[in-house]
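Please read the structure below before turning to the comments.
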Amino acid sequence: MTAKQHRKEHTMTAEKIIKILNEWSPESCAEEWDNVGLLIGDSSQPVRKVLVALDATEAVINEAVSENFDFLITHHPLIYNPIKKITTADPTGRKILTLIKNGIGIYCAHTNLDKAPGGVNDCLAEKIGLEKIAPLIPESENEPESENIFGIGRTGYLKKETTLAQLIQHIKSVLNLPSLRFSGNSSKILKKIAVCGGDGSGNRYIDAAIAAECDAYVTGDLRYHAVQDALESGIALIDITHYGGEILVVDAIVARLKNYVEIFPSSIDGQVFETV
């Protein structure tokens, strides 16, 4: 057995994994309404095998049980709101009971990982091929536009000008999307792009993309009236779905921890939408 294998099998605890993740995306950077951190489990528990997924769905939890994982890291919290009872009659209750019964801890890094350098939005911006990447909304409004700053969303530049139609085909290819929604003139020439993984449909994010003079904004969960208003500003919008904009971070989490513990991305496709 190598020294690395010995370290992986005998010295890793949930607390150490959490410390590594917090150095990357501190829980203190999460939005006030969010629920991040260790949601189920004992921080001192030994961890041998970690599963990473976007969501703690029943399918993902069943995968963790059947494949003998003892720790689960997700982007979206299993528990958002206060729970008054935990029973098998409720989907969340069933999942909580299954995790506890099988000794599987669960840790969540959500909006803190959205904001972190190398997190959700950097993964998305880099996958699309943007350069000179900077936060769309820096964590501190006084921060200059530069790389490696915590913040919501990202802006960046395409390596060369392209049309909206060409960018759509490129995004479908690199994100492996069979289809996507968009608005705007398909022949519009684009150079500066804004991205926001997950639900970036709020006026705050769209207005920031417009203020940054971006030619297009790429996000998920776009709503009719928000798009209608944005079109009048001249910005193009591309909806890649919530899942499509965030799933990339699973591999980033795996890469961050692979030298410390046995860790795998979930094999479950969590996309909730199908196209016909």
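The chains in the structure tokens are called A, B, ... from first to last as shown; in each chain the residues are counted from 1, and the ligands are counted from 1 in the order shown.
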Next on the checklist: Neighbouring residues of segment 69-71 of chain A were defined as those with any atom within 7 Å, considering only C-alpha atoms; residues of the same chain fewer than 3 positions away were excluded. Please report them as a list in words.
Outcome noted: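 Here the qualifying residues turn out to be Val47, Arg48, Lys49, Val50, Leu51, Ala64, Val65, Gly103, Ile104, Gly105 and Ile106 of chain A.
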Export of prior selection with all heavy atoms as a PDB file, in the first residue's frame:
```pdb
ATOM      1  N   VAL A  47     -14.223   8.832   6.843  1.00  0.00           N
ATOM      2  CA  VAL A  47     -14.808   8.811   5.503  1.00  0.00           C
ATOM      3  C   VAL A  47     -13.889   8.021   4.581  1.00  0.00           C
ATOM      4  O   VAL A  47     -12.714   8.345   4.421  1.00  0.00           O
ATOM      5  CB  VAL A  47     -15.007  10.240   4.957  1.00  0.00           C
ATOM      6  CG1 VAL A  47     -15.502  10.200   3.517  1.00  0.00           C
ATOM      7  CG2 VAL A  47     -15.997  11.010   5.817  1.00  0.00           C
ATOM      8  N   ARG A  48     -14.448   6.982   3.972  1.00  0.00           N
ATOM      9  CA  ARG A  48     -13.667   6.141   3.063  1.00  0.00           C
ATOM     10  C   ARG A  48     -13.974   6.440   1.602  1.00  0.00           C
ATOM     11  O   ARG A  48     -13.103   6.434   0.752  1.00  0.00           O
ATOM     12  CB  ARG A  48     -13.968   4.658   3.316  1.00  0.00           C
ATOM     13  CG  ARG A  48     -13.636   4.120   4.675  1.00  0.00           C
ATOM     14  CD  ARG A  48     -14.070   2.670   4.802  1.00  0.00           C
ATOM     15  NE  ARG A  48     -15.520   2.532   4.624  1.00  0.00           N
ATOM     16  CZ  ARG A  48     -16.110   2.154   3.494  1.00  0.00           C
ATOM     17  NH1 ARG A  48     -15.381   1.868   2.428  1.00  0.00           N
ATOM     18  NH2 ARG A  48     -17.424   2.064   3.410  1.00  0.00           N
ATOM     19  N   LYS A  49     -15.272   6.702   1.312  1.00  0.00           N
ATOM     20  CA  LYS A  49     -15.716   6.775  -0.068  1.00  0.00           C
ATOM     21  C   LYS A  49     -16.791   7.848  -0.202  1.00  0.00           C
ATOM     22  O   LYS A  49     -17.818   7.799   0.475  1.00  0.00           O
ATOM     23  CB  LYS A  49     -16.257   5.399  -0.488  1.00  0.00           C
ATOM     24  CG  LYS A  49     -16.478   5.200  -1.975  1.00  0.00           C
ATOM     25  CD  LYS A  49     -16.919   3.752  -2.224  1.00  0.00           C
ATOM     26  CE  LYS A  49     -17.220   3.503  -3.694  1.00  0.00           C
ATOM     27  NZ  LYS A  49     -17.748   2.136  -3.917  1.00  0.00           N
ATOM     28  N   VAL A  50     -16.567   8.805  -1.099  1.00  0.00           N
ATOM     29  CA  VAL A  50     -17.440   9.969  -1.236  1.00  0.00           C
ATOM     30  C   VAL A  50     -18.116   9.970  -2.610  1.00  0.00           C
ATOM     31  O   VAL A  50     -17.478   9.720  -3.630  1.00  0.00           O
ATOM     32  CB  VAL A  50     -16.638  11.274  -1.073  1.00  0.00           C
ATOM     33  CG1 VAL A  50     -17.549  12.489  -1.213  1.00  0.00           C
ATOM     34  CG2 VAL A  50     -15.921  11.296   0.277  1.00  0.00           C
ATOM     35  N   LEU A  51     -19.401  10.283  -2.596  1.00  0.00           N
ATOM     36  CA  LEU A  51     -20.181  10.441  -3.825  1.00  0.00           C
ATOM     37  C   LEU A  51     -20.538  11.915  -3.974  1.00  0.00           C
ATOM     38  O   LEU A  51     -20.920  12.565  -2.997  1.00  0.00           O
ATOM     39  CB  LEU A  51     -21.454   9.601  -3.765  1.00  0.00           C
ATOM     40  CG  LEU A  51     -22.351   9.605  -5.004  1.00  0.00           C
ATOM     41  CD1 LEU A  51     -21.635   8.935  -6.181  1.00  0.00           C
ATOM     42  CD2 LEU A  51     -23.673   8.887  -4.718  1.00  0.00           C
ATOM     43  N   ALA A  64     -25.719   5.781  -3.522  1.00  0.00           N
ATOM     44  CA  ALA A  64     -24.770   5.851  -2.409  1.00  0.00           C
ATOM     45  C   ALA A  64     -24.875   4.618  -1.517  1.00  0.00           C
ATOM     46  O   ALA A  64     -23.857   4.071  -1.073  1.00  0.00           O
ATOM     47  CB  ALA A  64     -25.026   7.113  -1.592  1.00  0.00           C
ATOM     48  N   VAL A  65     -26.086   4.165  -1.269  1.00  0.00           N
ATOM     49  CA  VAL A  65     -26.298   2.987  -0.422  1.00  0.00           C
ATOM     50  C   VAL A  65     -25.792   1.728  -1.120  1.00  0.00           C
ATOM     51  O   VAL A  65     -25.032   0.934  -0.544  1.00  0.00           O
ATOM     52  CB  VAL A  65     -27.790   2.833  -0.062  1.00  0.00           C
ATOM     53  CG1 VAL A  65     -28.033   1.512   0.660  1.00  0.00           C
ATOM     54  CG2 VAL A  65     -28.256   4.002   0.805  1.00  0.00           C
ATOM     55  N   GLY A 103     -25.663   5.279   7.673  1.00  0.00           N
ATOM     56  CA  GLY A 103     -24.458   5.942   8.152  1.00  0.00           C
ATOM     57  C   GLY A 103     -23.795   6.839   7.129  1.00  0.00           C
ATOM     58  O   GLY A 103     -22.568   6.985   7.121  1.00  0.00           O
ATOM     59  N   ILE A 104     -24.597   7.447   6.268  1.00  0.00           N
ATOM     60  CA  ILE A 104     -24.063   8.305   5.215  1.00  0.00           C
ATOM     61  C   ILE A 104     -24.249   9.770   5.596  1.00  0.00           C
ATOM     62  O   ILE A 104     -25.377  10.234   5.790  1.00  0.00           O
ATOM     63  CB  ILE A 104     -24.768   8.032   3.866  1.00  0.00           C
ATOM     64  CG1 ILE A 104     -24.579   6.571   3.459  1.00  0.00           C
ATOM     65  CG2 ILE A 104     -24.223   8.971   2.780  1.00  0.00           C
ATOM     66  CD1 ILE A 104     -25.402   6.168   2.250  1.00  0.00           C
ATOM     67  N   GLY A 105     -23.158  10.492   5.739  1.00  0.00           N
ATOM     68  CA  GLY A 105     -23.226  11.918   6.023  1.00  0.00           C
ATOM     69  C   GLY A 105     -23.447  12.692   4.739  1.00  0.00           C
ATOM     70  O   GLY A 105     -23.121  12.217   3.652  1.00  0.00           O
ATOM     71  N   ILE A 106     -24.007  13.895   4.853  1.00  0.00           N
ATOM     72  CA  ILE A 106     -24.216  14.724   3.666  1.00  0.00           C
ATOM     73  C   ILE A 106     -23.788  16.155   3.942  1.00  0.00           C
ATOM     74  O   ILE A 106     -24.143  16.756   4.970  1.00  0.00           O
ATOM     75  CB  ILE A 106     -25.680  14.667   3.177  1.00  0.00           C
ATOM     76  CG1 ILE A 106     -25.867  15.535   1.924  1.00  0.00           C
ATOM     77  CG2 ILE A 106     -26.654  15.060   4.277  1.00  0.00           C
ATOM     78  CD1 ILE A 106     -27.202  15.334   1.233  1.00  0.00           C
TER      79      ILE A 106
END
```
Item to check | Sel. of strand (DSSP E or B) residues, segment 107-267 of chain A, as an MDAnalysis selection string | outcome: chainID A and resid 107:108 131:138 151:163 181:183 189:199 216:220 236:239 262:265
Export, as a PDB file, in the first residue's frame, the selected residues with C-alpha atoms.
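Listing of selection13.pdb after writing:
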```pdb
ATOM      1  CA  TYR A 107     -22.509  18.063   3.112  1.00  0.00           C
ATOM      2  CA  CYS A 108     -23.786  20.925   0.940  1.00  0.00           C
ATOM      3  CA  GLU A 131     -11.461  34.716 -21.550  1.00  0.00           C
ATOM      4  CA  LYS A 132     -10.728  37.586 -19.121  1.00  0.00           C
ATOM      5  CA  ILE A 133     -13.284  36.114 -16.733  1.00  0.00           C
ATOM      6  CA  ALA A 134     -14.499  38.302 -13.872  1.00  0.00           C
ATOM      7  CA  PRO A 135     -17.459  38.282 -11.450  1.00  0.00           C
ATOM      8  CA  LEU A 136     -20.722  39.652 -12.810  1.00  0.00           C
ATOM      9  CA  ILE A 137     -21.614  40.918  -9.322  1.00  0.00           C
ATOM     10  CA  PRO A 138     -18.524  40.970  -7.057  1.00  0.00           C
ATOM     11  CA  GLY A 151     -19.027  36.980  -6.644  1.00  0.00           C
ATOM     12  CA  ILE A 152     -22.235  36.000  -8.365  1.00  0.00           C
ATOM     13  CA  GLY A 153     -22.071  35.068 -12.050  1.00  0.00           C
ATOM     14  CA  ARG A 154     -19.228  35.809 -14.437  1.00  0.00           C
ATOM     15  CA  THR A 155     -18.479  37.971 -17.445  1.00  0.00           C
ATOM     16  CA  GLY A 156     -15.942  37.183 -20.117  1.00  0.00           C
ATOM     17  CA  TYR A 157     -15.029  37.502 -23.758  1.00  0.00           C
ATOM     18  CA  LEU A 158     -15.285  35.017 -26.595  1.00  0.00           C
ATOM     19  CA  LYS A 159     -11.987  34.298 -28.302  1.00  0.00           C
ATOM     20  CA  LYS A 160     -13.471  35.746 -31.470  1.00  0.00           C
ATOM     21  CA  GLU A 161     -16.705  37.449 -32.376  1.00  0.00           C
ATOM     22  CA  THR A 162     -19.519  35.080 -33.285  1.00  0.00           C
ATOM     23  CA  THR A 163     -23.214  35.198 -34.024  1.00  0.00           C
ATOM     24  CA  ARG A 181     -34.237  28.229 -25.352  1.00  0.00           C
ATOM     25  CA  PHE A 182     -32.999  31.614 -26.493  1.00  0.00           C
ATOM     26  CA  SER A 183     -34.232  35.076 -27.330  1.00  0.00           C
ATOM     27  CA  ILE A 189     -22.699  39.588 -33.335  1.00  0.00           C
ATOM     28  CA  LEU A 190     -21.455  38.713 -29.853  1.00  0.00           C
ATOM     29  CA  LYS A 191     -18.195  39.320 -28.033  1.00  0.00           C
ATOM     30  CA  LYS A 192     -18.789  39.924 -24.303  1.00  0.00           C
ATOM     31  CA  ILE A 193     -20.860  37.308 -22.505  1.00  0.00           C
ATOM     32  CA  ALA A 194     -22.339  37.028 -19.009  1.00  0.00           C
ATOM     33  CA  VAL A 195     -23.107  33.682 -17.377  1.00  0.00           C
ATOM     34  CA  CYS A 196     -24.845  32.621 -14.185  1.00  0.00           C
ATOM     35  CA  GLY A 197     -25.240  28.937 -13.401  1.00  0.00           C
ATOM     36  CA  GLY A 198     -28.536  27.753 -11.954  1.00  0.00           C
ATOM     37  CA  ASP A 199     -31.406  30.211 -11.636  1.00  0.00           C
ATOM     38  CA  ALA A 216     -25.575  37.943 -24.337  1.00  0.00           C
ATOM     39  CA  TYR A 217     -26.508  36.434 -20.989  1.00  0.00           C
ATOM     40  CA  VAL A 218     -26.411  32.667 -20.392  1.00  0.00           C
ATOM     41  CA  THR A 219     -28.313  31.181 -17.452  1.00  0.00           C
ATOM     42  CA  GLY A 220     -31.219  28.916 -16.474  1.00  0.00           C
ATOM     43  CA  ALA A 236     -29.595  38.246 -26.137  1.00  0.00           C
ATOM     44  CA  LEU A 237     -30.549  35.571 -23.607  1.00  0.00           C
ATOM     45  CA  ILE A 238     -29.817  31.839 -23.625  1.00  0.00           C
ATOM     46  CA  ASP A 239     -31.520  29.410 -21.222  1.00  0.00           C
ATOM     47  CA  GLU A 262     -11.743   7.965  -2.735  1.00  0.00           C
ATOM     48  CA  ILE A 263     -14.333  10.078  -4.535  1.00  0.00           C
ATOM     49  CA  PHE A 264     -16.644   9.669  -7.532  1.00  0.00           C
ATOM     50  CA  PRO A 265     -19.218  11.707  -9.453  1.00  0.00           C
TER      51      PRO A 265
END
```
Checklist entry - So which residues of segment 31-269 of chain A fall under helix (DSSP H, G or I) by DSSP, listed as number ranges by chain? => result A: 58-66, 91-101, 111-115, 120-128, 164-174, 203-211, 224-231, 242-246, 248-257
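Within 9 Å of Asn176 of chain A, once only C-alpha atoms are used and residues closer than 4 positions along the same chain are dropped, the contacting residues are Ile171, Lys172 and Gly244 of chain A.
Atom pair atom CA of Asp34 of chain A / atom CA of Val227 of chain A has a distance of 25.9 Å (rounded to one decimal).
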Leaving out Ala56 of chain A and any residue of its chain fewer than 5 positions from it, which residues lie within 10 Å of it when counting only C-alpha atoms, given as a compact mmCIF listing (two decimals) with all heavy atoms, in the first residue's frame?
```txt
# COMPACT_ATOMS: atom_id res chain seq x y z
N ILE A 61 -29.26 8.88 -3.65
CA ILE A 61 -29.10 8.26 -2.33
C ILE A 61 -29.08 6.74 -2.45
O ILE A 61 -28.28 6.06 -1.80
CB ILE A 61 -30.20 8.74 -1.37
CG1 ILE A 61 -29.96 10.22 -1.03
CG2 ILE A 61 -30.22 7.90 -0.09
CD1 ILE A 61 -31.06 10.87 -0.24
N ASN A 62 -29.92 6.18 -3.30
CA ASN A 62 -29.91 4.73 -3.53
C ASN A 62 -28.57 4.29 -4.11
O ASN A 62 -28.06 3.20 -3.78
CB ASN A 62 -31.05 4.33 -4.45
CG ASN A 62 -32.40 4.43 -3.79
OD1 ASN A 62 -32.51 4.43 -2.57
ND2 ASN A 62 -33.45 4.56 -4.60
N ALA A 64 -25.72 5.78 -3.52
CA ALA A 64 -24.77 5.85 -2.41
C ALA A 64 -24.88 4.62 -1.52
O ALA A 64 -23.86 4.07 -1.07
CB ALA A 64 -25.03 7.11 -1.59
N LEU A 72 -21.74 11.95 1.25
CA LEU A 72 -22.34 12.52 0.05
C LEU A 72 -22.13 14.02 0.07
O LEU A 72 -22.42 14.69 1.07
CB LEU A 72 -23.83 12.19 0.01
CG LEU A 72 -24.69 12.75 -1.12
CD1 LEU A 72 -24.20 12.28 -2.48
CD2 LEU A 72 -26.16 12.34 -0.91
N ILE A 73 -21.62 14.55 -1.03
CA ILE A 73 -21.48 16.01 -1.19
C ILE A 73 -22.41 16.44 -2.31
O ILE A 73 -22.37 15.89 -3.41
CB ILE A 73 -20.04 16.41 -1.54
CG1 ILE A 73 -19.08 16.01 -0.41
CG2 ILE A 73 -19.94 17.92 -1.80
CD1 ILE A 73 -17.62 16.21 -0.75
N THR A 74 -23.27 17.41 -2.03
CA THR A 74 -24.18 17.93 -3.05
C THR A 74 -24.04 19.44 -3.15
O THR A 74 -23.57 20.10 -2.24
CB THR A 74 -25.64 17.58 -2.74
OG1 THR A 74 -26.06 18.27 -1.55
CG2 THR A 74 -25.84 16.10 -2.59
N HIS A 75 -24.49 19.95 -4.28
CA HIS A 75 -24.54 21.39 -4.47
C HIS A 75 -25.81 21.97 -3.85
O HIS A 75 -25.76 22.94 -3.11
CB HIS A 75 -24.47 21.72 -5.96
CG HIS A 75 -24.49 23.19 -6.26
ND1 HIS A 75 -23.66 24.10 -5.64
CD2 HIS A 75 -25.26 23.92 -7.13
CE1 HIS A 75 -23.90 25.31 -6.10
NE2 HIS A 75 -24.87 25.22 -6.99
N HIS A 76 -26.94 21.36 -4.14
CA HIS A 76 -28.21 21.84 -3.58
C HIS A 76 -28.47 21.20 -2.23
O HIS A 76 -28.29 19.99 -2.07
CB HIS A 76 -29.36 21.54 -4.54
CG HIS A 76 -29.25 22.26 -5.84
ND1 HIS A 76 -29.42 21.64 -7.07
CD2 HIS A 76 -28.99 23.57 -6.12
CE1 HIS A 76 -29.26 22.53 -8.03
NE2 HIS A 76 -29.00 23.70 -7.49
N PRO A 77 -28.94 21.98 -1.26
CA PRO A 77 -29.22 21.44 0.07
C PRO A 77 -30.38 20.45 0.05
O PRO A 77 -31.40 20.69 -0.60
CB PRO A 77 -29.58 22.67 0.90
CG PRO A 77 -29.08 23.85 0.12
CD PRO A 77 -29.15 23.45 -1.31
N LEU A 78 -30.22 19.35 0.78
CA LEU A 78 -31.33 18.42 0.96
C LEU A 78 -32.41 19.06 1.82
O LEU A 78 -33.60 18.85 1.61
CB LEU A 78 -30.82 17.14 1.63
CG LEU A 78 -31.88 16.13 2.09
CD1 LEU A 78 -32.72 15.66 0.91
CD2 LEU A 78 -31.22 14.95 2.79
N ILE A 79 -31.98 19.88 2.78
CA ILE A 79 -32.91 20.52 3.70
C ILE A 79 -32.83 22.03 3.52
O ILE A 79 -31.78 22.64 3.76
CB ILE A 79 -32.57 20.17 5.17
CG1 ILE A 79 -32.56 18.65 5.36
CG2 ILE A 79 -33.56 20.83 6.12
CD1 ILE A 79 -31.96 18.20 6.68
N THR A 92 -38.66 13.97 1.63
CA THR A 92 -37.45 14.42 2.33
C THR A 92 -37.20 13.57 3.56
O THR A 92 -36.05 13.20 3.84
CB THR A 92 -37.58 15.90 2.73
OG1 THR A 92 -37.76 16.70 1.56
CG2 THR A 92 -36.33 16.38 3.47
N LYS A 95 -35.61 10.28 2.61
CA LYS A 95 -34.19 10.41 2.25
C LYS A 95 -33.33 10.60 3.49
O LYS A 95 -32.25 10.00 3.61
CB LYS A 95 -34.02 11.58 1.27
CG LYS A 95 -34.61 11.28 -0.09
CD LYS A 95 -34.28 12.34 -1.13
CE LYS A 95 -35.15 13.55 -1.04
NZ LYS A 95 -34.96 14.48 -2.18
N ILE A 96 -33.80 11.41 4.42
CA ILE A 96 -33.05 11.63 5.66
C ILE A 96 -32.89 10.32 6.43
O ILE A 96 -31.80 9.97 6.90
CB ILE A 96 -33.74 12.69 6.54
CG1 ILE A 96 -33.63 14.07 5.87
CG2 ILE A 96 -33.12 12.74 7.94
CD1 ILE A 96 -34.46 15.15 6.55
N ILE A 106 -24.01 13.89 4.85
CA ILE A 106 -24.22 14.72 3.67
C ILE A 106 -23.79 16.16 3.94
O ILE A 106 -24.14 16.76 4.97
CB ILE A 106 -25.68 14.67 3.18
CG1 ILE A 106 -25.87 15.53 1.92
CG2 ILE A 106 -26.65 15.06 4.28
CD1 ILE A 106 -27.20 15.33 1.23
N CYS A 108 -23.32 20.09 2.05
CA CYS A 108 -23.79 20.93 0.94
C CYS A 108 -22.92 22.18 0.80
O CYS A 108 -22.64 22.86 1.78
CB CYS A 108 -25.25 21.32 1.18
SG CYS A 108 -25.81 22.65 0.12
N GLY A 270 -29.47 13.87 -13.48
CA GLY A 270 -30.49 14.56 -12.70
C GLY A 270 -31.28 15.59 -13.47
O GLY A 270 -32.06 16.35 -12.86
```
Checklist entry - When you draw a straight line from atom CA of Ala165 of chain A to atom CA of Ser186 of chain A, how long is it in Å? => result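 Atom-to-atom, atom CA of Ala165 of chain A to atom CA of Ser186 of chain A, that is 4.8 Å.
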Item to check | Coordinates-based distance that separates atom CA of Ile253 of chain A from atom CA of Gly202 of chain A (Å, one decimal) | outcome: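 Those two atoms sit 26.6 Å apart.
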Item to check | Ile18 of chain A environment, 9 Å, only C-alpha atoms, sequence neighbours closer than 5 positions dropped, as a count of residues only | outcome: 6
Item to check | segment 114-118 of chain A environment, 7 Å, only C-alpha atoms, sequence neighbours closer than 4 positions dropped, as a ChimeraX atom specification | outcome: /A:24-25,110,122-123,148-152
Export of prior selection with C-alpha atoms as a PDB file, in the first residue's frame:
```
ATOM      1  CA  TRP A  24     -12.177  26.811  -1.426  1.00  0.00           C
ATOM      2  CA  SER A  25     -15.735  28.039  -0.857  1.00  0.00           C
ATOM      3  CA  HIS A 110     -24.422  25.911  -2.557  1.00  0.00           C
ATOM      4  CA  ASP A 122     -16.052  29.722 -13.412  1.00  0.00           C
ATOM      5  CA  CYS A 123     -16.675  26.136 -14.557  1.00  0.00           C
ATOM      6  CA  ASN A 148     -10.188  35.307  -8.506  1.00  0.00           C
ATOM      7  CA  ILE A 149     -12.758  37.438  -6.713  1.00  0.00           C
ATOM      8  CA  PHE A 150     -15.785  35.928  -5.028  1.00  0.00           C
ATOM      9  CA  GLY A 151     -19.027  36.980  -6.644  1.00  0.00           C
ATOM     10  CA  ILE A 152     -22.235  36.000  -8.365  1.00  0.00           C
TER      11      ILE A 152
END
```
Checklist entry - What's the 12 Å shell around His225 of chain A, counting only C-alpha atoms, without same-chain residues fewer than 4 positions away, as number ranges by chain? => result A: 201-203, 206, 229-232
